[in-house]
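Visitor: Sharing data-v2.txt here; it has compact mmCIF, C-alpha atoms and all ligand atoms.
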# COMPACT_ATOMS: atom_id res chain seq x y z
CA MET A 29 2.66 14.30 6.58
CA LEU A 30 -0.75 12.76 7.03
CA ARG A 31 -1.66 9.09 7.26
CA VAL A 32 -4.28 8.38 4.61
CA THR A 33 -6.42 5.28 4.10
CA GLU A 34 -7.85 6.26 0.72
CA ILE A 35 -8.56 9.17 -1.61
CA PHE A 36 -11.33 8.58 -4.11
CA ARG A 37 -14.09 10.19 -6.12
CA SER A 38 -17.69 9.13 -5.71
CA ILE A 39 -21.00 10.74 -4.92
CA GLN A 40 -21.71 12.05 -1.47
CA GLY A 41 -23.84 9.45 0.32
CA GLU A 42 -24.84 11.38 3.42
CA SER A 43 -25.88 14.79 4.72
CA THR A 44 -27.80 17.46 2.78
CA HIS A 45 -25.07 17.14 0.13
CA ALA A 46 -26.08 13.53 -0.70
CA GLY A 47 -25.99 12.81 -4.41
CA ARG A 48 -23.34 15.42 -5.28
CA PRO A 49 -20.03 14.45 -6.91
CA CYS A 50 -17.41 14.51 -4.19
CA THR A 51 -13.78 13.65 -3.59
CA PHE A 52 -13.20 11.90 -0.28
CA VAL A 53 -9.98 12.11 1.70
CA ARG A 54 -10.22 9.36 4.29
CA LEU A 55 -7.59 9.77 6.96
CA THR A 56 -6.32 6.82 8.98
CA GLY A 57 -6.89 6.27 12.70
CA CYS A 58 -9.60 6.90 15.27
CA PRO A 59 -9.44 7.10 19.06
CA MET A 60 -13.06 5.90 19.33
CA ARG A 61 -14.47 2.38 19.00
CA CYS A 62 -18.16 2.73 18.15
CA VAL A 63 -19.85 -0.68 18.42
CA TRP A 64 -21.42 -0.39 14.97
CA CYS A 65 -18.45 1.30 13.22
CA ASP A 66 -18.52 0.66 9.47
CA SER A 67 -15.00 1.89 8.80
CA GLU A 68 -12.83 -0.20 11.10
CA TYR A 69 -10.42 -0.67 8.21
CA THR A 70 -9.29 2.90 8.85
CA PHE A 71 -8.01 2.12 12.35
CA THR A 72 -4.62 0.89 11.15
CA GLY A 73 -2.43 0.93 8.07
CA GLY A 74 -2.67 3.76 5.58
CA ASP A 75 0.05 5.54 3.62
CA HIS A 76 1.90 8.71 4.53
CA PHE A 77 1.35 11.58 2.11
CA SER A 78 2.45 15.20 2.24
CA ILE A 79 -0.26 17.82 2.02
CA ASP A 80 1.08 18.78 -1.43
CA SER A 81 0.63 15.20 -2.60
CA ILE A 82 -2.92 15.03 -1.22
CA MET A 83 -3.76 18.33 -2.90
CA ALA A 84 -2.45 17.01 -6.23
CA GLN A 85 -4.58 13.88 -5.94
CA VAL A 86 -7.68 15.87 -4.99
CA ASN A 87 -7.14 18.32 -7.85
CA ALA A 88 -6.80 15.43 -10.32
CA PHE A 89 -10.32 14.26 -9.51
CA GLY A 90 -11.79 17.62 -10.46
CA CYS A 91 -14.71 17.75 -7.98
CA LYS A 92 -15.65 21.06 -6.40
CA LEU A 93 -16.83 19.28 -3.25
CA VAL A 94 -14.29 17.55 -0.99
CA GLU A 95 -14.99 15.67 2.21
CA VAL A 96 -12.28 15.08 4.78
CA THR A 97 -13.32 12.04 6.80
CA GLY A 98 -11.95 9.00 8.58
CA GLY A 99 -11.60 7.35 10.98
CA GLU A 100 -11.49 10.53 12.97
CA PRO A 101 -9.84 13.05 10.63
CA LEU A 102 -9.20 15.70 13.28
CA ALA A 103 -7.19 13.27 15.41
CA GLN A 104 -4.23 14.13 13.14
CA LYS A 105 -3.24 17.72 13.86
CA GLU A 106 -2.07 18.33 10.31
CA ALA A 107 -5.62 17.72 9.09
CA PHE A 108 -6.40 21.29 10.14
CA THR A 109 -3.73 22.52 7.72
CA LEU A 110 -5.01 20.28 4.92
CA ILE A 111 -8.53 21.66 5.39
CA GLU A 112 -7.19 25.23 5.26
CA ARG A 113 -5.29 24.45 2.04
CA LEU A 114 -8.39 22.95 0.45
CA CYS A 115 -10.42 26.04 1.39
CA ASN A 116 -7.68 28.33 0.05
CA ASP A 117 -7.86 26.53 -3.28
CA GLY A 118 -11.58 27.20 -3.54
CA PHE A 119 -12.96 23.77 -2.72
CA GLU A 120 -16.21 23.43 -0.83
CA VAL A 121 -14.97 21.40 2.13
CA LEU A 122 -16.98 19.09 4.37
CA VAL A 123 -15.42 17.74 7.55
CA GLU A 124 -17.08 14.68 9.04
CA THR A 125 -16.01 14.37 12.65
CA GLY A 126 -17.06 12.12 15.51
CA ASN A 127 -17.41 14.84 18.19
CA TYR A 128 -14.47 13.59 20.22
CA VAL A 129 -11.80 16.04 19.04
CA SER A 130 -12.36 19.79 19.51
CA THR A 131 -13.28 21.64 16.32
CA GLU A 132 -11.64 24.81 17.67
CA GLY A 133 -9.18 26.23 15.15
CA LEU A 134 -10.85 24.61 12.16
CA ASP A 135 -10.92 26.83 9.07
CA PRO A 136 -14.26 28.67 9.31
CA ARG A 137 -14.89 28.15 5.58
CA ALA A 138 -15.17 24.39 6.09
CA LYS A 139 -18.59 22.89 6.78
CA VAL A 140 -18.72 20.62 9.80
CA ILE A 141 -20.82 17.47 9.98
CA LEU A 142 -20.76 16.67 13.67
CA ASP A 143 -21.52 13.05 14.51
CA ILE A 144 -22.92 13.07 18.06
CA LYS A 145 -22.48 9.67 19.62
CA CYS A 146 -25.62 7.99 21.00
CA PRO A 147 -25.58 5.44 23.87
CA ALA A 148 -25.68 2.28 21.72
CA SER A 149 -22.35 3.28 20.17
CA ALA A 150 -20.79 2.81 23.67
CA GLU A 151 -18.88 6.08 23.05
CA GLU A 152 -21.51 8.58 24.22
CA PRO A 153 -19.51 9.60 27.33
CA ARG A 154 -16.69 10.81 25.05
CA ASN A 155 -18.80 13.44 23.24
CA HIS A 156 -17.03 16.81 23.33
CA TRP A 157 -19.99 19.06 24.09
CA PRO A 158 -18.25 22.45 23.53
CA ASN A 159 -18.24 21.56 19.81
CA LEU A 160 -21.98 22.26 19.79
CA ASP A 161 -21.31 25.89 20.79
CA ARG A 162 -19.22 26.30 17.62
CA LEU A 163 -21.97 25.17 15.21
CA ARG A 164 -22.91 27.72 12.51
CA ALA A 165 -26.58 27.62 11.51
CA ASP A 166 -25.83 28.56 7.91
CA ARG A 167 -23.53 25.64 7.11
CA ASP A 168 -22.90 23.00 9.78
CA GLU A 169 -24.88 19.80 10.21
CA VAL A 170 -25.38 17.45 13.12
CA LYS A 171 -25.80 13.70 12.72
CA PHE A 172 -27.16 11.11 15.15
CA VAL A 173 -26.50 7.51 14.16
CA ILE A 174 -29.21 5.52 15.93
CA ALA A 175 -29.18 1.78 16.58
CA ASP A 176 -32.39 1.45 18.62
CA GLU A 177 -35.33 3.37 20.07
CA ALA A 178 -33.31 4.42 23.12
CA ASP A 179 -30.87 6.17 20.77
CA TRP A 180 -33.76 7.92 19.05
CA ASN A 181 -35.08 9.12 22.43
CA TYR A 182 -31.58 10.29 23.35
CA ALA A 183 -31.26 12.18 20.07
CA GLN A 184 -34.58 13.92 20.62
CA ARG A 185 -33.49 15.02 24.10
CA ILE A 186 -30.14 16.39 22.88
CA ILE A 187 -31.80 18.18 19.94
CA LYS A 188 -34.17 19.94 22.34
CA ASP A 189 -31.69 20.58 25.16
CA TYR A 190 -29.15 22.17 22.79
CA ASP A 191 -31.68 23.80 20.46
CA LEU A 192 -30.03 22.07 17.52
CA GLU A 193 -32.86 22.78 15.08
CA ALA A 194 -31.89 26.45 15.33
CA ARG A 195 -28.14 26.03 15.75
CA ALA A 196 -27.42 23.71 12.83
CA ASN A 197 -28.17 23.88 9.14
CA ALA A 198 -29.61 20.35 9.36
CA VAL A 199 -30.13 17.64 11.95
CA LEU A 200 -29.67 14.20 10.41
CA ILE A 201 -31.06 10.97 11.85
CA SER A 202 -29.12 8.06 10.38
CA PRO A 203 -30.19 4.47 11.25
CA VAL A 204 -27.36 1.95 11.63
CA TRP A 205 -27.34 -0.23 8.51
CA GLY A 206 -29.47 -3.35 9.00
CA GLU A 207 -30.34 -2.67 12.63
CA LEU A 208 -33.71 -0.93 12.46
CA ASP A 209 -36.98 -1.17 10.59
CA LEU A 210 -36.79 1.88 8.33
CA GLU A 211 -40.56 2.30 8.19
CA GLU A 212 -40.60 2.46 11.97
CA VAL A 213 -37.83 5.07 12.00
CA ALA A 214 -39.74 7.09 9.41
CA ASN A 215 -42.82 6.99 11.64
CA TRP A 216 -40.82 8.08 14.70
CA ILE A 217 -39.45 11.05 12.77
CA ALA A 218 -42.72 11.98 11.07
CA SER A 219 -44.59 12.05 14.38
CA SER A 220 -41.84 13.77 16.39
CA GLY A 221 -42.73 17.34 15.51
CA LEU A 222 -38.99 17.96 15.05
CA ASN A 223 -37.45 19.60 12.00
CA VAL A 224 -34.98 16.79 11.35
CA ARG A 225 -34.09 14.68 8.32
CA MET A 226 -34.04 10.92 8.03
CA GLN A 227 -30.77 10.00 6.35
CA LEU A 228 -30.06 6.76 4.55
CA GLN A 229 -26.52 6.02 3.42
CA LEU A 230 -26.99 6.31 -0.33
CA HIS A 231 -23.62 4.73 -1.22
CA LYS A 232 -24.57 1.51 0.63
CA TYR A 233 -27.75 1.16 -1.40
CA ILE A 234 -25.83 1.67 -4.65
CA TRP A 235 -22.65 -0.34 -4.02
CA GLY A 236 -23.54 -2.50 -1.02
CA PRO A 237 -22.59 -2.08 2.65
CA GLU A 238 -19.13 -3.66 2.40
CA ALA A 239 -17.80 -1.73 -0.60
CA ARG A 240 -14.79 0.51 0.00
CA GLY A 241 -13.64 3.50 -1.99
CA VAL A 242 -17.17 4.49 -2.99
S1 LIG B 1 -15.84 7.72 15.40
FE1 LIG B 1 -16.32 6.98 13.32
S2 LIG B 1 -14.48 5.88 12.63
FE2 LIG B 1 -14.31 6.16 14.86
S3 LIG B 1 -15.12 4.26 15.73
FE3 LIG B 1 -16.82 5.72 15.65
S4 LIG B 1 -17.83 5.35 13.66
FE4 LIG B 1 -15.80 4.36 13.58
Let me see the structure of the file written as C-alpha cells.
Guide:
Amino acid sequence: MLRVTEIFRSIQGESTHAGRPCTFVRLTGCPMRCVWCDSEYTFTGGDHFSIDSIMAQVNAFGCKLVEVTGGEPLAQKEAFTLIERLCNDGFEVLVETGNYVSTEGLDPRAKVILDIKCPASAEEPRNHWPNLDRLRADRDEVKFVIADEADWNYAQRIIKDYDLEARANAVLISPVWGELDLEEVANWIASSGLNVRMQLQLHKYIWGPEARGV
C-alpha cells in the first residue's frame, strides 16, 4: 500500500516536459522541511491505495506521461515498485525527487528530476550527493530552486563542480514563486555562460499559486 495525497490529470508545469498532458501521482509525506515548500499539504493525511488501485486510476486518465511526485515520493519504499509497474505498462515515467533519498534501485526506464536543495531552503546539508553519480545524460534532469542571489551562486558552483551540463539532460533554474525579480534572474542566466534553462512553474501562471490538483 502507498499513502497518496492526490492523483490527477493536468499539464506538466515544469522541466523540459512542460506543457505536455500528464497524470500526476502525488504521494504523501516528506522528511524534509524546505522553507519555501509549496506542497506542505502533502506532509500529512492522504489515503492508502494498493498499487493495483493506483494503476487503475492512472490508466483511466489515459495520459502517456506520468509523474510520480510528492512530498518526497521515494520516502515510501513501495514507490519503487509503483514506478516499475508504470514502466512495465509502457508509461513514460518522471520521478521528481528532493535529493534526500537515494535513487539507487530505481527502475532505469524512469526519468529522474533531481531537485538539489540550495542554502535558502535550509535543507542543503541533507543533499544526497551520490545521486548525482547516477544521473543519465540522455534522460535525467537537475533542478535548482533558487530564492536569492546566494542560491544562484551556489547553483552555479555545483553545476561546475559536478559537471552537470554534461551529466544531465537539462539543468533547470527555478525561482521560488514571488521571491525574485524574474527579469533579474533571466539576466543572471543569460550572462552566466552556462547551458541551463530558466524554469517558471507554468501551472501557477495558469491556475494560480494556491491551486491544488492542477
Ligand atoms: S522536499 Fe519538496 S515536498 Fe519536501 S519540504 Fe522540500 S519542497 Fe516540500
Visitor: Would you work out the distance separating atom CA of Glu100 of chain A from atom CA of Gly57 of chain A, expressed in Å to one decimal?
Guide: 6.3 Å
Visitor: Hey, which bits of chain A sit within 7 Å of ligand LIG 1 (chain B), and for each residue what's the closest pair of atoms and how far apart in Å (one decimal), counting all atoms listed in the file, rows by chain and increasing number, as CSV?
Guide:
residue,atom,partner,partner_atom,distance
A:Cys58,CA,B:LIG1,FE2,4.8
A:Pro59,CA,B:LIG1,FE2,6.5
A:Met60,CA,B:LIG1,S3,4.5
A:Arg61,CA,B:LIG1,S3,3.8
A:Cys62,CA,B:LIG1,FE3,4.1
A:Trp64,CA,B:LIG1,S4,6.9
A:Cys65,CA,B:LIG1,FE4,4.1
A:Asp66,CA,B:LIG1,FE4,6.2
A:Ser67,CA,B:LIG1,FE4,5.4
A:Glu68,CA,B:LIG1,FE4,6.0
A:Gly98,CA,B:LIG1,S2,5.7
A:Gly99,CA,B:LIG1,S2,3.6
A:Glu100,CA,B:LIG1,FE2,5.5
A:Gly126,CA,B:LIG1,S1,4.6
Visitor: Taking (-8.3, 21.1, 5.1) in the file's coordinates as the center, which residues reach within 9 Å of it, counting only C-alpha atoms, put as a list in words?
Guide: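 Residues satisfying the cut-off, written out: Val96, Glu106, Ala107, Phe108, Thr109, Leu110, Ile111, Glu112, Arg113, Leu114, Cys115, Asn116, Val121, Leu122, Val123, Leu134, Asp135 and Ala138 of chain A.
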Visitor: Counting all atoms listed in the file, which of A:Asp161, A:Asp176, A:Asp168, A:Glu152 gets nearest to Asp191 of chain A?
Guide: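 Looking only at the distances to Asp191 of chain A, the closest residue turns out to be A:Asp161.
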Visitor: Please report the interatomic distance between atom CA of Ala239 of chain A and atom CA of Tyr69 of chain A in Å with one decimal.
Guide: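 A separation of 11.5 Å between them.
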Visitor: So how far away is atom CA of Ala46 of chain A from atom CA of Ile187 of chain A, in Å?
Guide: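 Spanning atom CA of Ile187 of chain A to atom CA of Ala46 of chain A is a straight-line distance of 21.9 Å.
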Visitor: If we count all atoms listed in the file, what is near Asn197 of chain A at a cut-off of 12 Å, once residues fewer than 6 positions away on the same chain are taken out, given as number ranges by chain?
Guide: A: 43-45, 139-142, 163-171, 191, 223-225
Visitor: Taking 5 positions as the minimum chain separation for residues in the same chain, which residues sit within 6 Å of Gln227 of chain A when counting all atoms listed in the file? Answer as a PyMOL selection string.
Guide: chain A and resi 200-202
Visitor: Could the residues in this selection be written to a file with C-alpha atoms, as a PDB file, keeping the file's coordinate frame?
Guide:
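The result, written out as result_25.pdb:
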ATOM      1  CA  LEU A 200     -29.670  14.200  10.410  1.00  0.00           C
ATOM      2  CA  ILE A 201     -31.060  10.970  11.850  1.00  0.00           C
ATOM      3  CA  SER A 202     -29.120   8.060  10.380  1.00  0.00           C
TER       4      SER A 202
END
Visitor: Tell me which of A:Asn87, A:Ala103, A:Thr97, A:Arg31 sits closest to Gly74 of chain A, counting all atoms listed in the file.
Guide: A:Arg31
Visitor: Give me the residues within 9 Å of Ala150 of chain A as a PDB file with C-alpha atoms, keeping the file's coordinate frame, counting only C-alpha atoms and dropping any in the same chain fewer than 3 places off.
Guide:
ATOM      1  CA  ARG A  61     -14.470   2.380  19.000  1.00  0.00           C
ATOM      2  CA  CYS A  62     -18.160   2.730  18.150  1.00  0.00           C
ATOM      3  CA  VAL A  63     -19.850  -0.680  18.420  1.00  0.00           C
ATOM      4  CA  LYS A 145     -22.480   9.670  19.620  1.00  0.00           C
ATOM      5  CA  CYS A 146     -25.620   7.990  21.000  1.00  0.00           C
ATOM      6  CA  PRO A 147     -25.580   5.440  23.870  1.00  0.00           C
ATOM      7  CA  PRO A 153     -19.510   9.600  27.330  1.00  0.00           C
TER       8      PRO A 153
END
Visitor: Neighbours of Arg162 of chain A within 10 Å (all atoms listed in the file; same-chain residues fewer than 5 positions away dropped), as an MDAnalysis selection string?
Guide: chainID A and resid 130:132 136 140 157 168 195:196
Visitor: So, with all atoms listed in the file as the atoms that count, which of A:Gln85, A:Thr33, A:Thr125, A:Gln40 lies closest to Gln229 of chain A?
Guide: A:Gln40
Visitor: Could you check the closest approach to Pro203 of chain A for each of A:Ala218, A:Ala88, A:Ala148, A:Val242 and tell me which residue wins, using only C-alpha atoms?
Guide: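 Answer, going by the shortest atom-to-atom distance: A:Ala148.
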